[in-house]
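The next block holds one structure in the form of structure tokens; read it before the comments.
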Amino acid sequence: MKFLTGILIATSTSKKQLPFLEEVIQADGAHMSFGKYTLFSAYANTANGTMAPLGFAILFGNEDTTNWIKFWRFIKLVNPIVNQRTKTVITDQDKGSLASIRQILLKEVCGNEAVHC
């Protein structure tokens with residue numbers, strides 16, 4: 001028997017609309033009411049102020065560095081331009097989120113971090 005450890009989702013429009021979104025990316029994780037899964041999400045604002053999803057993940061376990069790394073690797077794979085110096089990431093500075101952002105997103109721009117928590 002295999003055990004589902006998670007699912008990563010990006011809408012078909014996510015990649016196409018990202019170049020037209022604001023430079024601020026908002027990310028958060030939330031515990032789910034079934035099992036021991038956590039919902040991860042990343043959004044950016046459109047020009048008219050609505051939220052546009054960049055991607056979602058439902059991963060087994062807590063909101064920790066390991067799961068945040070899985071999530072940011074996926075977001076970076078689907079939307080490579082999230083790793084530009086012009087992007088700012090806003091999080092609630094939960095366990096592991098800041099460390100994963102520094103490890104995955106800011107590797108190429110080390111020293112010029114644009115992370116606000």
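Just remember, in the structure tokens the first chain shown is A, the second B, etc., residues are 1-based per chain, and ligands are 1-based in the order shown.
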Please give the complete set of residues from chain A that DSSP, run on the backbone, assigns to strand (DSSP E or B), formatted as a PDB file with N, CA, C and O atoms, in the first residue's frame.
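Wrote it out as states32.pdb, contents follow:
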ATOM      1  N   GLY A   6       1.601  14.072  -0.494  1.00  0.00           N
ATOM      2  CA  GLY A   6       1.274  15.440  -0.854  1.00  0.00           C
ATOM      3  C   GLY A   6       0.900  15.603  -2.307  1.00  0.00           C
ATOM      4  O   GLY A   6       1.052  14.698  -3.120  1.00  0.00           O
ATOM      5  N   ILE A   7       0.403  16.797  -2.600  1.00  0.00           N
ATOM      6  CA  ILE A   7       0.035  17.165  -3.958  1.00  0.00           C
ATOM      7  C   ILE A   7       0.412  18.629  -4.167  1.00  0.00           C
ATOM      8  O   ILE A   7       0.225  19.455  -3.277  1.00  0.00           O
ATOM      9  N   LEU A   8       0.969  18.936  -5.333  1.00  0.00           N
ATOM     10  CA  LEU A   8       1.382  20.295  -5.681  1.00  0.00           C
ATOM     11  C   LEU A   8       0.559  20.739  -6.883  1.00  0.00           C
ATOM     12  O   LEU A   8       0.445  19.997  -7.860  1.00  0.00           O
ATOM     13  N   ILE A   9      -0.015  21.935  -6.818  1.00  0.00           N
ATOM     14  CA  ILE A   9      -0.959  22.391  -7.842  1.00  0.00           C
ATOM     15  C   ILE A   9      -0.615  23.810  -8.283  1.00  0.00           C
ATOM     16  O   ILE A   9      -0.339  24.678  -7.463  1.00  0.00           O
ATOM     17  N   VAL A  24       5.200  41.835  -5.323  1.00  0.00           N
ATOM     18  CA  VAL A  24       5.112  41.278  -3.974  1.00  0.00           C
ATOM     19  C   VAL A  24       4.416  39.916  -4.032  1.00  0.00           C
ATOM     20  O   VAL A  24       3.329  39.792  -4.582  1.00  0.00           O
ATOM     21  N   ILE A  25       5.065  38.906  -3.449  1.00  0.00           N
ATOM     22  CA  ILE A  25       4.507  37.558  -3.367  1.00  0.00           C
ATOM     23  C   ILE A  25       4.152  37.290  -1.911  1.00  0.00           C
ATOM     24  O   ILE A  25       4.961  37.513  -1.016  1.00  0.00           O
ATOM     25  N   GLN A  26       2.933  36.826  -1.675  1.00  0.00           N
ATOM     26  CA  GLN A  26       2.475  36.518  -0.329  1.00  0.00           C
ATOM     27  C   GLN A  26       2.364  35.006  -0.195  1.00  0.00           C
ATOM     28  O   GLN A  26       1.792  34.350  -1.063  1.00  0.00           O
ATOM     29  N   ALA A  27       2.924  34.462   0.872  1.00  0.00           N
ATOM     30  CA  ALA A  27       2.912  33.011   1.073  1.00  0.00           C
ATOM     31  C   ALA A  27       2.513  32.686   2.508  1.00  0.00           C
ATOM     32  O   ALA A  27       2.855  33.413   3.436  1.00  0.00           O
ATOM     33  N   ASP A  28       1.784  31.573   2.657  1.00  0.00           N
ATOM     34  CA  ASP A  28       1.371  31.156   3.989  1.00  0.00           C
ATOM     35  C   ASP A  28       1.078  29.662   3.979  1.00  0.00           C
ATOM     36  O   ASP A  28       0.853  29.063   2.931  1.00  0.00           O
ATOM     37  N   GLY A  29       1.072  29.103   5.152  1.00  0.00           N
ATOM     38  CA  GLY A  29       0.710  27.706   5.353  1.00  0.00           C
ATOM     39  C   GLY A  29      -0.367  27.627   6.415  1.00  0.00           C
ATOM     40  O   GLY A  29      -0.437  28.472   7.304  1.00  0.00           O
ATOM     41  N   ALA A  30      -1.250  26.625   6.308  1.00  0.00           N
ATOM     42  CA  ALA A  30      -2.337  26.454   7.273  1.00  0.00           C
ATOM     43  C   ALA A  30      -2.568  24.967   7.502  1.00  0.00           C
ATOM     44  O   ALA A  30      -2.585  24.182   6.551  1.00  0.00           O
ATOM     45  N   HIS A  31      -2.740  24.603   8.748  1.00  0.00           N
ATOM     46  CA  HIS A  31      -3.021  23.211   9.080  1.00  0.00           C
ATOM     47  C   HIS A  31      -4.419  22.857   8.614  1.00  0.00           C
ATOM     48  O   HIS A  31      -5.332  23.680   8.676  1.00  0.00           O
ATOM     49  N   TYR A  37      -2.101  17.025   7.430  1.00  0.00           N
ATOM     50  CA  TYR A  37      -1.676  17.717   6.221  1.00  0.00           C
ATOM     51  C   TYR A  37      -1.653  19.221   6.457  1.00  0.00           C
ATOM     52  O   TYR A  37      -2.339  19.737   7.328  1.00  0.00           O
ATOM     53  N   THR A  38      -0.837  19.906   5.665  1.00  0.00           N
ATOM     54  CA  THR A  38      -0.745  21.362   5.719  1.00  0.00           C
ATOM     55  C   THR A  38      -0.964  21.914   4.315  1.00  0.00           C
ATOM     56  O   THR A  38      -0.430  21.372   3.345  1.00  0.00           O
ATOM     57  N   LEU A  39      -1.757  22.966   4.216  1.00  0.00           N
ATOM     58  CA  LEU A  39      -2.004  23.640   2.951  1.00  0.00           C
ATOM     59  C   LEU A  39      -1.042  24.815   2.816  1.00  0.00           C
ATOM     60  O   LEU A  39      -0.977  25.676   3.693  1.00  0.00           O
ATOM     61  N   PHE A  40      -0.276  24.852   1.729  1.00  0.00           N
ATOM     62  CA  PHE A  40       0.642  25.944   1.435  1.00  0.00           C
ATOM     63  C   PHE A  40       0.090  26.714   0.238  1.00  0.00           C
ATOM     64  O   PHE A  40      -0.463  26.111  -0.682  1.00  0.00           O
ATOM     65  N   SER A  41       0.257  28.030   0.248  1.00  0.00           N
ATOM     66  CA  SER A  41      -0.219  28.833  -0.883  1.00  0.00           C
ATOM     67  C   SER A  41       0.693  30.033  -1.103  1.00  0.00           C
ATOM     68  O   SER A  41       1.319  30.533  -0.174  1.00  0.00           O
ATOM     69  N   ALA A  42       0.748  30.463  -2.370  1.00  0.00           N
ATOM     70  CA  ALA A  42       1.498  31.668  -2.741  1.00  0.00           C
ATOM     71  C   ALA A  42       0.651  32.460  -3.727  1.00  0.00           C
ATOM     72  O   ALA A  42       0.062  31.889  -4.656  1.00  0.00           O
ATOM     73  N   TYR A  43       0.578  33.764  -3.506  1.00  0.00           N
ATOM     74  CA  TYR A  43      -0.243  34.657  -4.311  1.00  0.00           C
ATOM     75  C   TYR A  43       0.536  35.914  -4.659  1.00  0.00           C
ATOM     76  O   TYR A  43       1.495  36.271  -3.985  1.00  0.00           O
ATOM     77  N   ALA A  44       0.058  36.617  -5.678  1.00  0.00           N
ATOM     78  CA  ALA A  44       0.538  37.961  -5.996  1.00  0.00           C
ATOM     79  C   ALA A  44      -0.675  38.777  -6.418  1.00  0.00           C
ATOM     80  O   ALA A  44      -1.719  38.222  -6.778  1.00  0.00           O
ATOM     81  N   ASN A  45      -0.553  40.090  -6.364  1.00  0.00           N
ATOM     82  CA  ASN A  45      -1.668  40.976  -6.714  1.00  0.00           C
ATOM     83  C   ASN A  45      -1.669  41.327  -8.193  1.00  0.00           C
ATOM     84  O   ASN A  45      -0.614  41.523  -8.791  1.00  0.00           O
ATOM     85  N   MET A  51      -6.292  39.080  -6.002  1.00  0.00           N
ATOM     86  CA  MET A  51      -5.241  38.099  -5.731  1.00  0.00           C
ATOM     87  C   MET A  51      -5.187  37.075  -6.858  1.00  0.00           C
ATOM     88  O   MET A  51      -6.216  36.568  -7.276  1.00  0.00           O
ATOM     89  N   ALA A  52      -3.986  36.763  -7.316  1.00  0.00           N
ATOM     90  CA  ALA A  52      -3.781  35.753  -8.350  1.00  0.00           C
ATOM     91  C   ALA A  52      -2.909  34.646  -7.768  1.00  0.00           C
ATOM     92  O   ALA A  52      -1.808  34.905  -7.284  1.00  0.00           O
ATOM     93  N   PRO A  53      -3.377  33.395  -7.796  1.00  0.00           N
ATOM     94  CA  PRO A  53      -2.587  32.299  -7.221  1.00  0.00           C
ATOM     95  C   PRO A  53      -1.383  31.944  -8.074  1.00  0.00           C
ATOM     96  O   PRO A  53      -1.470  31.906  -9.298  1.00  0.00           O
ATOM     97  N   LEU A  54      -0.265  31.686  -7.415  1.00  0.00           N
ATOM     98  CA  LEU A  54       0.928  31.183  -8.094  1.00  0.00           C
ATOM     99  C   LEU A  54       1.016  29.672  -7.953  1.00  0.00           C
ATOM    100  O   LEU A  54       1.543  29.000  -8.825  1.00  0.00           O
ATOM    101  N   GLY A  55       0.524  29.145  -6.850  1.00  0.00           N
ATOM    102  CA  GLY A  55       0.525  27.710  -6.641  1.00  0.00           C
ATOM    103  C   GLY A  55       0.058  27.343  -5.252  1.00  0.00           C
ATOM    104  O   GLY A  55       0.001  28.187  -4.350  1.00  0.00           O
ATOM    105  N   PHE A  56      -0.302  26.066  -5.117  1.00  0.00           N
ATOM    106  CA  PHE A  56      -0.775  25.513  -3.853  1.00  0.00           C
ATOM    107  C   PHE A  56      -0.108  24.172  -3.626  1.00  0.00           C
ATOM    108  O   PHE A  56       0.314  23.516  -4.570  1.00  0.00           O
ATOM    109  N   ALA A  57      -0.081  23.757  -2.388  1.00  0.00           N
ATOM    110  CA  ALA A  57       0.393  22.416  -2.056  1.00  0.00           C
ATOM    111  C   ALA A  57      -0.355  21.921  -0.831  1.00  0.00           C
ATOM    112  O   ALA A  57      -0.643  22.696   0.082  1.00  0.00           O
ATOM    113  N   ILE A  58      -0.684  20.657  -0.834  1.00  0.00           N
ATOM    114  CA  ILE A  58      -1.177  19.972   0.356  1.00  0.00           C
ATOM    115  C   ILE A  58      -0.129  18.899   0.645  1.00  0.00           C
ATOM    116  O   ILE A  58       0.028  17.953  -0.130  1.00  0.00           O
ATOM    117  N   LEU A  59       0.606  19.101   1.718  1.00  0.00           N
ATOM    118  CA  LEU A  59       1.729  18.216   2.045  1.00  0.00           C
ATOM    119  C   LEU A  59       1.528  17.584   3.409  1.00  0.00           C
ATOM    120  O   LEU A  59       1.040  18.236   4.346  1.00  0.00           O
ATOM    121  N   PHE A  60       1.916  16.325   3.530  1.00  0.00           N
ATOM    122  CA  PHE A  60       1.807  15.626   4.803  1.00  0.00           C
ATOM    123  C   PHE A  60       2.824  16.188   5.782  1.00  0.00           C
ATOM    124  O   PHE A  60       3.984  16.409   5.449  1.00  0.00           O
ATOM    125  N   THR A  88       9.536  40.671  -3.831  1.00  0.00           N
ATOM    126  CA  THR A  88       9.525  40.715  -2.376  1.00  0.00           C
ATOM    127  C   THR A  88       8.568  39.642  -1.889  1.00  0.00           C
ATOM    128  O   THR A  88       7.459  39.530  -2.403  1.00  0.00           O
ATOM    129  N   VAL A  89       8.987  38.849  -0.922  1.00  0.00           N
ATOM    130  CA  VAL A  89       8.156  37.782  -0.377  1.00  0.00           C
ATOM    131  C   VAL A  89       7.700  38.182   1.020  1.00  0.00           C
ATOM    132  O   VAL A  89       8.524  38.532   1.866  1.00  0.00           O
ATOM    133  N   ILE A  90       6.392  38.111   1.249  1.00  0.00           N
ATOM    134  CA  ILE A  90       5.822  38.405   2.563  1.00  0.00           C
ATOM    135  C   ILE A  90       5.307  37.102   3.153  1.00  0.00           C
ATOM    136  O   ILE A  90       4.516  36.404   2.527  1.00  0.00           O
ATOM    137  N   VAL A 115      13.103  40.033   1.554  1.00  0.00           N
ATOM    138  CA  VAL A 115      12.141  39.261   2.304  1.00  0.00           C
ATOM    139  C   VAL A 115      11.641  40.110   3.461  1.00  0.00           C
ATOM    140  O   VAL A 115      12.429  40.620   4.242  1.00  0.00           O
ATOM    141  N   HIS A 116      10.347  40.280   3.551  1.00  0.00           N
ATOM    142  CA  HIS A 116       9.756  41.044   4.632  1.00  0.00           C
ATOM    143  C   HIS A 116       8.791  40.141   5.389  1.00  0.00           C
ATOM    144  O   HIS A 116       7.943  39.513   4.788  1.00  0.00           O
TER     145      HIS A 116
END
Which of segment 46-91 of chain A fall in helix (DSSP H, G or I), as a ChimeraX atom specification: /A:65-78,80-83
Report, in Å to a single decimal, how far apart atom CA of Arg102 of chain A and atom CA of Trp68 of chain A are.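 Interatomic distance, atom CA of Trp68 of chain A to atom CA of Arg102 of chain A: 11.0 Å.
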Hey, which of A:Asn48, A:Phe3, A:Leu21, A:Thr11 ends up closest to Thr86 of chain A? Count only C-alpha atoms.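 Ranking A:Asn48, A:Phe3, A:Leu21, A:Thr11 by distance to Thr86 of chain A, first place goes to A:Leu21.
The coordinates place atom CA of Gly61 of chain A at 28.2 Å from atom CA of Lys87 of chain A.
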Selection: 9 Å around Trp72 of chain A, only C-alpha atoms, excl. self and same-chain fewer than 4 positions, as a PyMOL selection string: chain A and resi 67-68+76-77+100-101+104-105
For the residues in the current selection, export C-alpha atoms as a CSV table (one decimal), in the first residue's frame.
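Contents of again.csv, as written:
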chain,number,residue,atom,x,y,z
A,67,ASN,CA,7.7,21.1,3.4
A,68,TRP,CA,8.4,24.8,2.7
A,76,LYS,CA,10.2,28.2,-8.7
A,77,LEU,CA,9.9,25.3,-11.2
A,100,SER,CA,13.5,27.8,2.9
A,101,ILE,CA,13.1,31.2,1.1
A,104,ILE,CA,15.6,28.1,-2.6
A,105,LEU,CA,14.6,31.6,-3.8
Residues near Ile69 of chain A, anyone? I mean within 9 Å using only C-alpha atoms, not counting same-chain ones fewer than 4 positions away, as a list in words.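 Answer for this query is Asp64, Thr65, Arg73, Phe74, Gly96, Ser97, Ala99, Ser100, Ile101, Gln103 and Ile104 of chain A.
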Pairwise distance for atom CA of Leu98 of chain A and atom CA of Gln17 of chain A, rounded to one decimal in Å: 25.2 Å
